[in-house]
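What follows is one structure encoded as structure tokens, with my remarks underneath.
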Amino acid sequence: MAARAGPGAAVAGAAVVALLSAALALYGPLNAVLQRARSLHEAHSIKDMDSTFQLVRNIIPALTAKKHKGQAGRIGVVGGCREYTGAPYFAAISALKVGADLAHVFCAREAAPVIKSYSPELIVHPVLDGPNAVLEMEKWLPRLHALVVGPGLGRDGPLLDSVKGILEASKARDIPVVVDALSGPVDSSDPHGSVLRLSQALGNVTVVQKGEHDLISDGQQVLTCNHEGSSRRCGGQGDLLSGSLGVMVHWALLTGPEKTNGSSPLLLAALGACSLTRQCNHQAFQKHGRSTTTTDMIAEVGTAFSTLFET
């Protein structure tokens with residue numbers, strides 16, 4: 001769930017059930033909420049995807065020597081436990097590769113040395129399983145532009161309780177939040193309507209449903225991202241998506257309405273992140289075929305980004 005903590009929200013992902021209880025603590029039981037939402041009307045889909053994708057390009061900030069470190073994005077990743085250290089690394093390094101200036105990882109103590117060993121470019125905080133996790137996190141929230149919550153979080157109850165508090169603190173500060181992932185019932189016979197109703201049920205958060213074609217909805221409309229990827233489904237691709245989405249959400253919210261033509265900035269950010277992930281997958285698969293891994297995909301971020309947004 002990639003989300004803005006305030007009035008608007010984006011939800012990215014779709015597989016980690018463990019985070020569901022923490023995320024829904026803010027919004028209520030999913031089944032009950034969905035039942036209330038079924039009576040809501042279905043909105044129209046955007047048809048002119050070419051012009052929409054041009055709006056995505058408009059949210060990309062120009063590189064200039066006039067900016068200082070941090071302006072292009074300070075992204076926090078909340079996740080990482082003893083069993084899962086790769087996911088928060090993939091999300092954080094993807095955020096940096098896409099263009100964020102700084103990436104912080106807030107993880108469990110045992111995960112910190114491992115994540116630090118993956119890259120010296122990440123700022124790692126071993127606070128998530130401590131007794132004052134929320135207070136420690138609140139010290140950093142004013143310095144962050146967006147949060148990515150969930151990669152490698154695991155299913156530990158106390159850890160999820162801490163995440164619940166972090167989500168509430170982020171919501172109070174109106175910090176955009178990407179929650180990866182939110183699992184819920186999706187009607188395979190009506191995927192567009194199902195994603196639309198799920199967004200409406202959660203208060204018009206922006207929902208991304210990954211699949212053969214990615215579906216994105218803000219409760220008003222549904223976008224389909226059918227950018228070419230590949231048939232390779234290695235683990236970690238969703239972390240690349242969530243990390244890149246965290247950066248693009250920050251950029252999109254900074255962009256004025258004159259550049260987005262009145263479109264939802266969160267929809268544009270989600271479409272951009274989905275397209276980038278698919279392009280990375282496509283390029284990596286052309287080189288590595290069946291042996292493609294997420295590490296290969298991350299190596300393609302620079303050229304994929306240039307192909308999609310700068311040419």
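Letters A, B, ... mark the chains of the structure tokens in the order given; residue numbers begin at 1 per chain; ligand numbers begin at 1, in order shown.
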
Find the residues near Arg109 in chain A: any atom within 8 Å, counting only C-alpha atoms, skip ones fewer than 2 places away on the same chain, and give them as an MDAnalysis selection string. chainID A and resid 81 107 111:113 126:130

Write the residues you've just listed into a file as a PDB file, in the first residue's frame, and include N, CA and C atoms for each of them.
ATOM      1  N   CYS A  81      13.748  -7.749   9.166  1.00  0.00           N
ATOM      2  CA  CYS A  81      13.850  -8.519  10.404  1.00  0.00           C
ATOM      3  C   CYS A  81      14.915  -9.594  10.212  1.00  0.00           C
ATOM      4  N   CYS A 107      14.874  -0.788  10.780  1.00  0.00           N
ATOM      5  CA  CYS A 107      14.727  -2.240  10.794  1.00  0.00           C
ATOM      6  C   CYS A 107      14.924  -2.788  12.205  1.00  0.00           C
ATOM      7  N   ALA A 111      18.738  -7.304  11.928  1.00  0.00           N
ATOM      8  CA  ALA A 111      18.814  -7.117  10.480  1.00  0.00           C
ATOM      9  C   ALA A 111      19.794  -6.015  10.093  1.00  0.00           C
ATOM     10  N   ALA A 112      20.065  -5.097  11.005  1.00  0.00           N
ATOM     11  CA  ALA A 112      20.846  -3.906  10.664  1.00  0.00           C
ATOM     12  C   ALA A 112      22.245  -4.203  10.130  1.00  0.00           C
ATOM     13  N   PRO A 113      23.064  -5.026  10.806  1.00  0.00           N
ATOM     14  CA  PRO A 113      24.414  -5.273  10.277  1.00  0.00           C
ATOM     15  C   PRO A 113      24.399  -5.899   8.888  1.00  0.00           C
ATOM     16  N   PRO A 126      18.700   0.567  13.614  1.00  0.00           N
ATOM     17  CA  PRO A 126      18.230  -0.692  14.221  1.00  0.00           C
ATOM     18  C   PRO A 126      17.280  -0.439  15.384  1.00  0.00           C
ATOM     19  N   VAL A 127      16.104   0.099  15.099  1.00  0.00           N
ATOM     20  CA  VAL A 127      15.209   0.549  16.168  1.00  0.00           C
ATOM     21  C   VAL A 127      13.842  -0.124  16.155  1.00  0.00           C
ATOM     22  N   LEU A 128      13.525  -0.864  15.110  1.00  0.00           N
ATOM     23  CA  LEU A 128      12.139  -1.264  14.900  1.00  0.00           C
ATOM     24  C   LEU A 128      11.621  -2.243  15.947  1.00  0.00           C
ATOM     25  N   ASP A 129      12.493  -3.048  16.516  1.00  0.00           N
ATOM     26  CA  ASP A 129      12.042  -3.999  17.525  1.00  0.00           C
ATOM     27  C   ASP A 129      12.400  -3.557  18.937  1.00  0.00           C
ATOM     28  N   GLY A 130      12.779  -2.311  19.100  1.00  0.00           N
ATOM     29  CA  GLY A 130      13.092  -1.779  20.418  1.00  0.00           C
ATOM     30  C   GLY A 130      11.842  -1.354  21.170  1.00  0.00           C
TER      31      GLY A 130
END

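Counting only C-alpha atoms, Asn204 in chain A has the following residues at most 6 Å away, ignoring those fewer than 4 positions along the same chain: A:Ser199, A:Gln200, A:Asp218, A:Gly219.
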
So that I can check the surroundings of range 140-143 of chain A, please list as number ranges by chain every protein, DNA and RNA residue that reaches within 12 Å of it, counting only C-alpha atoms and ignoring chain neighbours fewer than 3 positions away. A: 70-71, 73-78, 102-106, 123, 125, 127, 133-137, 146-147, 166-177

Under the rule of at most 9 Å, produce a per-residue listing of range 70-173 of chain A near range 239-257 of chain A: chain, number, name, the closest pair of atoms, and the distance in Å, as a Markdown table, using only C-alpha atoms.
| residue | atom | partner | partner_atom | distance |
| --- | --- | --- | --- | --- |
| A:Ala72 | CA | A:Trp251 | CA | 7.6 |
| A:Gly73 | CA | A:Val247 | CA | 6.3 |
| A:Arg74 | CA | A:Val247 | CA | 8.2 |
| A:Ile75 | CA | A:Gly246 | CA | 6.8 |
| A:Gly76 | CA | A:Gly246 | CA | 8.6 |
| A:Val77 | CA | A:Gly243 | CA | 8.0 |
| A:Ala87 | CA | A:Asp239 | CA | 5.9 |
| A:Pro88 | CA | A:Asp239 | CA | 7.3 |
| A:Tyr89 | CA | A:Asp239 | CA | 8.5 |
| A:Phe90 | CA | A:Asp239 | CA | 5.7 |
| A:Ala91 | CA | A:Gly243 | CA | 4.1 |
| A:Ala92 | CA | A:Gly243 | CA | 5.8 |
| A:Ile93 | CA | A:Gly243 | CA | 7.6 |
| A:Ser94 | CA | A:Gly243 | CA | 5.4 |
| A:Ala95 | CA | A:Gly243 | CA | 4.7 |
| A:Leu96 | CA | A:Ser244 | CA | 8.4 |
| A:Lys97 | CA | A:Ser244 | CA | 8.3 |
| A:Val98 | CA | A:Ser244 | CA | 6.1 |
| A:Gly99 | CA | A:Val247 | CA | 7.3 |
| A:Ala100 | CA | A:Val247 | CA | 6.1 |
| A:His145 | CA | A:His250 | CA | 6.2 |
| A:Ala146 | CA | A:Gly246 | CA | 5.9 |
| A:Leu147 | CA | A:Gly246 | CA | 6.6 |
| A:Val148 | CA | A:Gly246 | CA | 6.1 |
| A:Val149 | CA | A:Ser242 | CA | 8.8 |
| A:Pro151 | CA | A:Asp239 | CA | 6.4 |

Leaving out range 277-281 of chain A and any residue of its chain fewer than 4 positions from it, which residues lie within 12 Å of it when counting only C-alpha atoms, given as an mmCIF file with N, CA, C and O atoms, in the first residue's frame?
data_model
loop_
_atom_site.group_PDB
_atom_site.id
_atom_site.type_symbol
_atom_site.label_atom_id
_atom_site.label_comp_id
_atom_site.auth_asym_id
_atom_site.auth_seq_id
_atom_site.Cartn_x
_atom_site.Cartn_y
_atom_site.Cartn_z
ATOM 1 N N ALA A 91 14.238 -2.098 -1.697
ATOM 2 C CA ALA A 91 13.393 -0.910 -1.734
ATOM 3 C C ALA A 91 14.219 0.363 -1.585
ATOM 4 O O ALA A 91 14.029 1.340 -2.321
ATOM 5 N N SER A 94 16.628 0.973 -4.568
ATOM 6 C CA SER A 94 15.838 1.381 -5.729
ATOM 7 C C SER A 94 15.465 2.851 -5.626
ATOM 8 O O SER A 94 15.494 3.580 -6.628
ATOM 9 N N ALA A 95 15.101 3.296 -4.423
ATOM 10 C CA ALA A 95 14.784 4.707 -4.233
ATOM 11 C C ALA A 95 15.975 5.586 -4.609
ATOM 12 O O ALA A 95 15.828 6.612 -5.277
ATOM 13 N N LYS A 97 18.498 4.735 -6.645
ATOM 14 C CA LYS A 97 18.765 4.598 -8.077
ATOM 15 C C LYS A 97 17.796 5.427 -8.918
ATOM 16 O O LYS A 97 18.159 5.970 -9.960
ATOM 17 N N VAL A 98 16.551 5.518 -8.474
ATOM 18 C CA VAL A 98 15.561 6.310 -9.202
ATOM 19 C C VAL A 98 15.874 7.797 -9.114
ATOM 20 O O VAL A 98 15.610 8.551 -10.049
ATOM 21 N N LYS A 210 -0.777 -5.476 -8.474
ATOM 22 C CA LYS A 210 0.161 -6.047 -9.434
ATOM 23 C C LYS A 210 -0.434 -7.281 -10.081
ATOM 24 O O LYS A 210 -1.200 -8.012 -9.471
ATOM 25 N N GLY A 211 -0.036 -7.538 -11.324
ATOM 26 C CA GLY A 211 -0.501 -8.718 -12.017
ATOM 27 C C GLY A 211 0.029 -8.740 -13.435
ATOM 28 O O GLY A 211 1.014 -8.073 -13.768
ATOM 29 N N GLU A 212 -0.624 -9.528 -14.280
ATOM 30 C CA GLU A 212 -0.225 -9.554 -15.693
ATOM 31 C C GLU A 212 -0.259 -8.147 -16.266
ATOM 32 O O GLU A 212 0.592 -7.754 -17.058
ATOM 33 N N HIS A 213 -1.278 -7.403 -15.871
ATOM 34 C CA HIS A 213 -1.352 -5.959 -16.101
ATOM 35 C C HIS A 213 -1.581 -5.311 -14.746
ATOM 36 O O HIS A 213 -2.427 -5.772 -13.975
ATOM 37 N N ASP A 214 -0.840 -4.266 -14.430
ATOM 38 C CA ASP A 214 -1.008 -3.594 -13.145
ATOM 39 C C ASP A 214 -2.232 -2.685 -13.204
ATOM 40 O O ASP A 214 -2.405 -1.922 -14.164
ATOM 41 N N CYS A 225 -1.661 -0.391 -16.359
ATOM 42 C CA CYS A 225 -0.280 -0.319 -16.822
ATOM 43 C C CYS A 225 0.052 -1.649 -17.495
ATOM 44 O O CYS A 225 0.239 -2.660 -16.825
ATOM 45 N N ASN A 226 0.095 -1.638 -18.821
ATOM 46 C CA ASN A 226 0.411 -2.859 -19.564
ATOM 47 C C ASN A 226 1.745 -2.743 -20.276
ATOM 48 O O ASN A 226 1.975 -3.364 -21.308
ATOM 49 N N HIS A 227 2.624 -1.902 -19.710
ATOM 50 C CA HIS A 227 3.969 -1.756 -20.258
ATOM 51 C C HIS A 227 4.648 -3.130 -20.296
ATOM 52 O O HIS A 227 4.497 -3.933 -19.379
ATOM 53 N N GLU A 228 5.405 -3.384 -21.353
ATOM 54 C CA GLU A 228 6.006 -4.702 -21.521
ATOM 55 C C GLU A 228 7.012 -5.007 -20.420
ATOM 56 O O GLU A 228 7.859 -4.188 -20.075
ATOM 57 N N GLY A 229 6.910 -6.183 -19.846
ATOM 58 C CA GLY A 229 7.873 -6.658 -18.864
ATOM 59 C C GLY A 229 8.479 -7.953 -19.348
ATOM 60 O O GLY A 229 9.083 -8.005 -20.411
ATOM 61 N N SER A 230 8.303 -9.023 -18.581
ATOM 62 C CA SER A 230 8.746 -10.350 -19.010
ATOM 63 C C SER A 230 7.954 -11.382 -18.232
ATOM 64 O O SER A 230 7.151 -11.051 -17.353
ATOM 65 N N SER A 231 8.218 -12.633 -18.531
ATOM 66 C CA SER A 231 7.546 -13.725 -17.823
ATOM 67 C C SER A 231 8.315 -14.164 -16.581
ATOM 68 O O SER A 231 7.911 -15.104 -15.902
ATOM 69 N N ARG A 232 9.407 -13.504 -16.251
ATOM 70 C CA ARG A 232 10.203 -13.852 -15.071
ATOM 71 C C ARG A 232 9.590 -13.211 -13.840
ATOM 72 O O ARG A 232 9.345 -12.007 -13.815
ATOM 73 N N ARG A 233 9.361 -14.004 -12.793
ATOM 74 C CA ARG A 233 8.689 -13.525 -11.586
ATOM 75 C C ARG A 233 9.541 -13.804 -10.347
ATOM 76 O O ARG A 233 9.103 -14.464 -9.412
ATOM 77 N N CYS A 234 10.775 -13.324 -10.356
ATOM 78 C CA CYS A 234 11.647 -13.542 -9.203
ATOM 79 C C CYS A 234 11.218 -12.667 -8.028
ATOM 80 O O CYS A 234 10.620 -11.603 -8.209
ATOM 81 N N GLY A 235 11.537 -13.107 -6.836
ATOM 82 C CA GLY A 235 11.205 -12.341 -5.647
ATOM 83 C C GLY A 235 11.981 -11.041 -5.584
ATOM 84 O O GLY A 235 13.140 -10.968 -6.002
ATOM 85 N N GLY A 236 11.339 -9.996 -5.065
ATOM 86 C CA GLY A 236 12.003 -8.714 -4.888
ATOM 87 C C GLY A 236 11.539 -7.630 -5.840
ATOM 88 O O GLY A 236 11.815 -6.447 -5.614
ATOM 89 N N GLN A 237 10.812 -8.000 -6.896
ATOM 90 C CA GLN A 237 10.365 -6.993 -7.855
ATOM 91 C C GLN A 237 9.402 -6.000 -7.211
ATOM 92 O O GLN A 237 9.405 -4.810 -7.543
ATOM 93 N N GLY A 238 8.586 -6.493 -6.296
ATOM 94 C CA GLY A 238 7.671 -5.591 -5.603
ATOM 95 C C GLY A 238 8.396 -4.578 -4.737
ATOM 96 O O GLY A 238 7.905 -3.471 -4.516
ATOM 97 N N ASP A 239 9.571 -4.949 -4.239
ATOM 98 C CA ASP A 239 10.357 -4.010 -3.434
ATOM 99 C C ASP A 239 10.942 -2.907 -4.302
ATOM 100 O O ASP A 239 11.017 -1.748 -3.890
ATOM 101 N N LEU A 240 11.346 -3.263 -5.531
ATOM 102 C CA LEU A 240 11.782 -2.243 -6.480
ATOM 103 C C LEU A 240 10.635 -1.285 -6.768
ATOM 104 O O LEU A 240 10.822 -0.064 -6.809
ATOM 105 N N LEU A 241 9.445 -1.843 -6.939
ATOM 106 C CA LEU A 241 8.267 -1.017 -7.191
ATOM 107 C C LEU A 241 7.990 -0.076 -6.029
ATOM 108 O O LEU A 241 7.769 1.126 -6.219
ATOM 109 N N SER A 242 8.002 -0.595 -4.810
ATOM 110 C CA SER A 242 7.650 0.236 -3.658
ATOM 111 C C SER A 242 8.694 1.322 -3.414
ATOM 112 O O SER A 242 8.356 2.458 -3.068
ATOM 113 N N GLY A 243 9.981 0.997 -3.604
ATOM 114 C CA GLY A 243 11.014 2.008 -3.420
ATOM 115 C C GLY A 243 10.924 3.120 -4.440
ATOM 116 O O GLY A 243 11.014 4.311 -4.106
ATOM 117 N N SER A 244 10.723 2.754 -5.705
ATOM 118 C CA SER A 244 10.601 3.772 -6.742
ATOM 119 C C SER A 244 9.325 4.583 -6.560
ATOM 120 O O SER A 244 9.297 5.796 -6.810
ATOM 121 N N LEU A 245 8.274 3.933 -6.078
ATOM 122 C CA LEU A 245 7.021 4.649 -5.843
ATOM 123 C C LEU A 245 7.168 5.689 -4.738
ATOM 124 O O LEU A 245 6.614 6.789 -4.823
ATOM 125 N N ALA A 270 2.118 6.358 -9.323
ATOM 126 C CA ALA A 270 1.958 4.913 -9.379
ATOM 127 C C ALA A 270 2.157 4.387 -10.793
ATOM 128 O O ALA A 270 2.813 3.352 -11.001
ATOM 129 N N LEU A 271 1.614 5.097 -11.782
ATOM 130 C CA LEU A 271 1.796 4.673 -13.169
ATOM 131 C C LEU A 271 3.273 4.729 -13.554
ATOM 132 O O LEU A 271 3.789 3.829 -14.227
ATOM 133 N N GLY A 272 3.964 5.764 -13.113
ATOM 134 C CA GLY A 272 5.387 5.871 -13.402
ATOM 135 C C GLY A 272 6.195 4.750 -12.768
ATOM 136 O O GLY A 272 7.061 4.152 -13.412
ATOM 137 N N ALA A 273 5.914 4.440 -11.505
ATOM 138 C CA ALA A 273 6.660 3.389 -10.807
ATOM 139 C C ALA A 273 6.383 2.011 -11.399
ATOM 140 O O ALA A 273 7.288 1.189 -11.541
ATOM 141 N N PHE A 285 15.648 -9.084 -18.464
ATOM 142 C CA PHE A 285 15.317 -10.378 -19.057
ATOM 143 C C PHE A 285 15.969 -10.541 -20.423
ATOM 144 O O PHE A 285 16.355 -11.654 -20.808
ATOM 145 N N GLN A 286 16.109 -9.433 -21.168
ATOM 146 C CA GLN A 286 16.770 -9.506 -22.471
ATOM 147 C C GLN A 286 18.220 -9.946 -22.332
ATOM 148 O O GLN A 286 18.780 -10.585 -23.228
ATOM 149 N N LYS A 287 18.841 -9.639 -21.199
ATOM 150 C CA LYS A 287 20.237 -9.984 -20.975
ATOM 151 C C LYS A 287 20.411 -11.327 -20.276
ATOM 152 O O LYS A 287 21.348 -12.074 -20.565
ATOM 153 N N HIS A 288 19.522 -11.630 -19.332
ATOM 154 C CA HIS A 288 19.761 -12.772 -18.448
ATOM 155 C C HIS A 288 18.739 -13.901 -18.595
ATOM 156 O O HIS A 288 18.960 -14.984 -18.054
ATOM 157 N N GLY A 289 17.631 -13.635 -19.267
ATOM 158 C CA GLY A 289 16.635 -14.678 -19.465
ATOM 159 C C GLY A 289 16.136 -15.283 -18.169
ATOM 160 O O GLY A 289 15.846 -14.571 -17.200
ATOM 161 N N ARG A 290 16.079 -16.595 -18.132
ATOM 162 C CA ARG A 290 15.507 -17.288 -16.990
ATOM 163 C C ARG A 290 16.267 -17.031 -15.689
ATOM 164 O O ARG A 290 15.710 -17.154 -14.597
ATOM 165 N N SER A 291 17.533 -16.657 -15.787
ATOM 166 C CA SER A 291 18.330 -16.446 -14.577
ATOM 167 C C SER A 291 18.189 -15.037 -14.006
ATOM 168 O O SER A 291 18.869 -14.697 -13.046
ATOM 169 N N THR A 292 17.313 -14.218 -14.573
ATOM 170 C CA THR A 292 17.130 -12.837 -14.113
ATOM 171 C C THR A 292 16.731 -12.787 -12.638
ATOM 172 O O THR A 292 15.848 -13.524 -12.190
ATOM 173 N N THR A 293 17.382 -11.913 -11.878
ATOM 174 C CA THR A 293 17.022 -11.664 -10.485
ATOM 175 C C THR A 293 16.762 -10.177 -10.305
ATOM 176 O O THR A 293 17.033 -9.362 -11.194
ATOM 177 N N THR A 294 16.254 -9.813 -9.143
ATOM 178 C CA THR A 294 15.967 -8.408 -8.877
ATOM 179 C C THR A 294 17.240 -7.564 -8.883
ATOM 180 O O THR A 294 17.217 -6.401 -9.262
ATOM 181 N N THR A 295 18.358 -8.138 -8.468
ATOM 182 C CA THR A 295 19.624 -7.414 -8.545
ATOM 183 C C THR A 295 19.937 -7.019 -9.987
ATOM 184 O O THR A 295 20.416 -5.907 -10.251
ATOM 185 N N ASP A 296 19.633 -7.903 -10.929
ATOM 186 C CA ASP A 296 19.821 -7.573 -12.345
ATOM 187 C C ASP A 296 18.886 -6.443 -12.763
ATOM 188 O O ASP A 296 19.268 -5.564 -13.557
ATOM 189 N N MET A 297 17.677 -6.461 -12.246
ATOM 190 C CA MET A 297 16.718 -5.416 -12.583
ATOM 191 C C MET A 297 17.153 -4.064 -12.046
ATOM 192 O O MET A 297 17.030 -3.041 -12.729
ATOM 193 N N ILE A 298 17.657 -4.034 -10.821
ATOM 194 C CA ILE A 298 18.091 -2.768 -10.226
ATOM 195 C C ILE A 298 19.243 -2.171 -11.026
ATOM 196 O O ILE A 298 19.350 -0.945 -11.161
ATOM 197 N N ALA A 299 20.086 -3.025 -11.584
ATOM 198 C CA ALA A 299 21.178 -2.530 -12.420
ATOM 199 C C ALA A 299 20.668 -1.837 -13.671
ATOM 200 O O ALA A 299 21.409 -1.060 -14.301
ATOM 201 N N GLU A 300 19.403 -2.077 -14.037
ATOM 202 C CA GLU A 300 18.822 -1.477 -15.231
ATOM 203 C C GLU A 300 18.054 -0.185 -14.950
ATOM 204 O O GLU A 300 17.542 0.437 -15.888
ATOM 205 N N VAL A 301 17.961 0.222 -13.692
ATOM 206 C CA VAL A 301 17.119 1.368 -13.356
ATOM 207 C C VAL A 301 17.527 2.621 -14.131
ATOM 208 O O VAL A 301 16.677 3.345 -14.672
ATOM 209 N N GLY A 302 18.823 2.904 -14.206
ATOM 210 C CA GLY A 302 19.269 4.126 -14.865
ATOM 211 C C GLY A 302 18.866 4.209 -16.320
ATOM 212 O O GLY A 302 18.272 5.202 -16.764
ATOM 213 N N THR A 303 19.159 3.160 -17.094
ATOM 214 C CA THR A 303 18.814 3.185 -18.516
ATOM 215 C C THR A 303 17.307 3.072 -18.727
ATOM 216 O O THR A 303 16.760 3.686 -19.648
ATOM 217 N N ALA A 304 16.626 2.301 -17.886
ATOM 218 C CA ALA A 304 15.175 2.194 -18.001
ATOM 219 C C ALA A 304 14.514 3.536 -17.730
ATOM 220 O O ALA A 304 13.579 3.948 -18.443
ATOM 221 N N PHE A 305 14.986 4.223 -16.718
ATOM 222 C CA PHE A 305 14.444 5.545 -16.381
ATOM 223 C C PHE A 305 14.636 6.505 -17.551
ATOM 224 O O PHE A 305 13.721 7.243 -17.937
ATOM 225 N N SER A 306 15.833 6.508 -18.113
ATOM 226 C CA SER A 306 16.120 7.391 -19.237
ATOM 227 C C SER A 306 15.228 7.070 -20.429
ATOM 228 O O SER A 306 14.687 7.970 -21.088
ATOM 229 N N THR A 307 15.031 5.782 -20.719
ATOM 230 C CA THR A 307 14.199 5.368 -21.842
ATOM 231 C C THR A 307 12.765 5.836 -21.690
ATOM 232 O O THR A 307 12.141 6.330 -22.645
ATOM 233 N N LEU A 308 12.238 5.713 -20.487
ATOM 234 C CA LEU A 308 10.829 6.049 -20.259
ATOM 235 C C LEU A 308 10.570 7.538 -20.099
ATOM 236 O O LEU A 308 9.561 8.064 -20.607
ATOM 237 N N PHE A 309 11.449 8.223 -19.401
ATOM 238 C CA PHE A 309 11.111 9.569 -18.947
ATOM 239 C C PHE A 309 12.002 10.693 -19.494
ATOM 240 O O PHE A 309 11.655 11.863 -19.329
#

Quick one: pick out all helix (DSSP H, G or I) residues within range 59-231 of chain A from a backbone DSSP run and write them as an NGL selection string. :A and (86-98 or 109-118 or 133-143 or 157-172 or 191-201)

Write down as number ranges by chain the residues of range 48-222 of chain A whose backbone DSSP state falls under strand (DSSP E or B). A: 74-78, 102-106, 123-125, 146-149, 176-179, 205-209, 214-217, 222

Kindly save the residues from that selection, with N, CA, C and O atoms included, as a compact mmCIF listing (two decimals), in the first residue's frame.
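Result written to result.txt:
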# COMPACT_ATOMS: atom_id res chain seq x y z
N ARG A 74 14.16 12.42 0.49
CA ARG A 74 14.69 11.70 1.64
C ARG A 74 13.64 10.65 2.01
O ARG A 74 12.59 10.98 2.55
N ILE A 75 13.94 9.42 1.68
CA ILE A 75 12.95 8.34 1.76
C ILE A 75 13.28 7.39 2.91
O ILE A 75 14.44 6.99 3.06
N GLY A 76 12.29 7.05 3.70
CA GLY A 76 12.46 6.09 4.78
C GLY A 76 11.80 4.77 4.44
O GLY A 76 10.67 4.74 3.94
N VAL A 77 12.52 3.67 4.66
CA VAL A 77 11.96 2.33 4.47
C VAL A 77 11.82 1.67 5.84
O VAL A 77 12.80 1.57 6.59
N VAL A 78 10.62 1.26 6.17
CA VAL A 78 10.34 0.63 7.46
C VAL A 78 10.14 -0.86 7.22
O VAL A 78 9.13 -1.28 6.64
N LEU A 102 18.71 10.57 -0.37
CA LEU A 102 19.02 9.82 0.85
C LEU A 102 17.97 8.74 1.08
O LEU A 102 16.78 8.96 0.83
N ALA A 103 18.43 7.59 1.55
CA ALA A 103 17.51 6.50 1.86
C ALA A 103 17.84 5.96 3.24
O ALA A 103 18.98 5.57 3.51
N HIS A 104 16.85 5.94 4.12
CA HIS A 104 16.98 5.43 5.48
C HIS A 104 16.24 4.10 5.58
O HIS A 104 15.14 3.95 5.03
N VAL A 105 16.81 3.16 6.31
CA VAL A 105 16.12 1.90 6.60
C VAL A 105 15.95 1.77 8.10
O VAL A 105 16.93 1.82 8.86
N PHE A 106 14.71 1.62 8.55
CA PHE A 106 14.39 1.44 9.96
C PHE A 106 14.00 -0.03 10.15
O PHE A 106 12.93 -0.45 9.72
N ILE A 123 21.39 4.52 5.03
CA ILE A 123 21.46 4.90 6.44
C ILE A 123 20.55 3.95 7.21
O ILE A 123 19.34 3.92 6.97
N VAL A 124 21.13 3.16 8.10
CA VAL A 124 20.39 2.07 8.73
C VAL A 124 20.19 2.34 10.21
O VAL A 124 21.15 2.63 10.94
N HIS A 125 18.93 2.22 10.66
CA HIS A 125 18.57 2.48 12.06
C HIS A 125 18.01 1.20 12.69
O HIS A 125 16.91 0.77 12.35
N ALA A 146 8.89 10.83 2.43
CA ALA A 146 7.95 9.73 2.21
C ALA A 146 8.45 8.50 2.94
O ALA A 146 9.65 8.35 3.19
N LEU A 147 7.51 7.61 3.27
CA LEU A 147 7.84 6.35 3.92
C LEU A 147 7.40 5.18 3.04
O LEU A 147 6.34 5.23 2.41
N VAL A 148 8.21 4.15 3.02
CA VAL A 148 7.85 2.87 2.41
C VAL A 148 7.79 1.87 3.56
O VAL A 148 8.81 1.58 4.19
N VAL A 149 6.62 1.35 3.84
CA VAL A 149 6.41 0.50 5.02
C VAL A 149 6.10 -0.92 4.58
O VAL A 149 5.18 -1.14 3.79
N PRO A 176 3.44 11.16 3.12
CA PRO A 176 3.03 10.11 2.18
C PRO A 176 3.61 8.77 2.60
O PRO A 176 4.77 8.68 2.98
N VAL A 177 2.79 7.73 2.51
CA VAL A 177 3.21 6.40 2.94
C VAL A 177 2.91 5.38 1.84
O VAL A 177 1.81 5.34 1.31
N VAL A 178 3.91 4.58 1.53
CA VAL A 178 3.73 3.43 0.64
C VAL A 178 3.70 2.20 1.53
O VAL A 178 4.69 1.90 2.19
N VAL A 179 2.58 1.51 1.56
CA VAL A 179 2.47 0.28 2.36
C VAL A 179 2.58 -0.91 1.42
O VAL A 179 1.77 -1.07 0.51
N VAL A 205 -7.84 5.79 -1.00
CA VAL A 205 -6.39 5.66 -1.12
C VAL A 205 -6.10 5.17 -2.54
O VAL A 205 -6.96 4.63 -3.21
N THR A 206 -4.90 5.39 -3.01
CA THR A 206 -4.52 4.95 -4.34
C THR A 206 -3.98 3.53 -4.24
O THR A 206 -2.98 3.29 -3.57
N VAL A 207 -4.64 2.61 -4.91
CA VAL A 207 -4.34 1.19 -4.81
C VAL A 207 -3.65 0.72 -6.09
O VAL A 207 -4.09 1.03 -7.19
N VAL A 208 -2.58 -0.03 -5.93
CA VAL A 208 -1.90 -0.67 -7.05
C VAL A 208 -2.04 -2.18 -6.88
O VAL A 208 -1.57 -2.74 -5.89
N GLN A 209 -2.68 -2.83 -7.84
CA GLN A 209 -2.80 -4.28 -7.85
C GLN A 209 -1.88 -4.84 -8.92
O GLN A 209 -2.11 -4.65 -10.11
N ASP A 214 -0.84 -4.27 -14.43
CA ASP A 214 -1.01 -3.59 -13.15
C ASP A 214 -2.23 -2.69 -13.20
O ASP A 214 -2.40 -1.92 -14.16
N LEU A 215 -3.06 -2.75 -12.18
CA LEU A 215 -4.25 -1.91 -12.09
C LEU A 215 -4.06 -0.89 -10.98
O LEU A 215 -3.62 -1.24 -9.89
N ILE A 216 -4.40 0.37 -11.27
CA ILE A 216 -4.19 1.46 -10.33
C ILE A 216 -5.49 2.23 -10.21
O ILE A 216 -6.08 2.62 -11.21
N SER A 217 -5.94 2.46 -8.97
CA SER A 217 -7.17 3.22 -8.79
C SER A 217 -7.08 4.12 -7.58
O SER A 217 -6.46 3.77 -6.57
N VAL A 222 -9.70 4.09 -12.91
CA VAL A 222 -8.78 2.96 -12.91
C VAL A 222 -7.83 3.11 -14.10
O VAL A 222 -8.28 3.30 -15.23

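We find CA of Leu55 in chain A and CA of Ser263 in chain A to be spaced 8.2 Å apart.
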
Could you state the separation of CA of Pro61 in chain A and CA of Leu122 in chain A in Å, given to one decimal place? 22.2 Å

For Gly152 in chain A, find every residue with an atom within 8 Å (counting only C-alpha atoms), except residues of its own chain fewer than 2 positions away, and show them as a list in words. Gly79, Gly80, Cys81, Glu83, Tyr84, Thr85, Gly86, Ala87, Pro88, Gly150 and Gly154 of chain A

Gap from CA of Lys259 in chain A to CA of Asp180 in chain A - Å, one decimal: 28.0 Å

For Gly165 in chain A, which residue out of A:Leu196, A:Lys116, A:Asn132, A:Asp50 is the nearest one, using only C-alpha atoms? A:Asn132
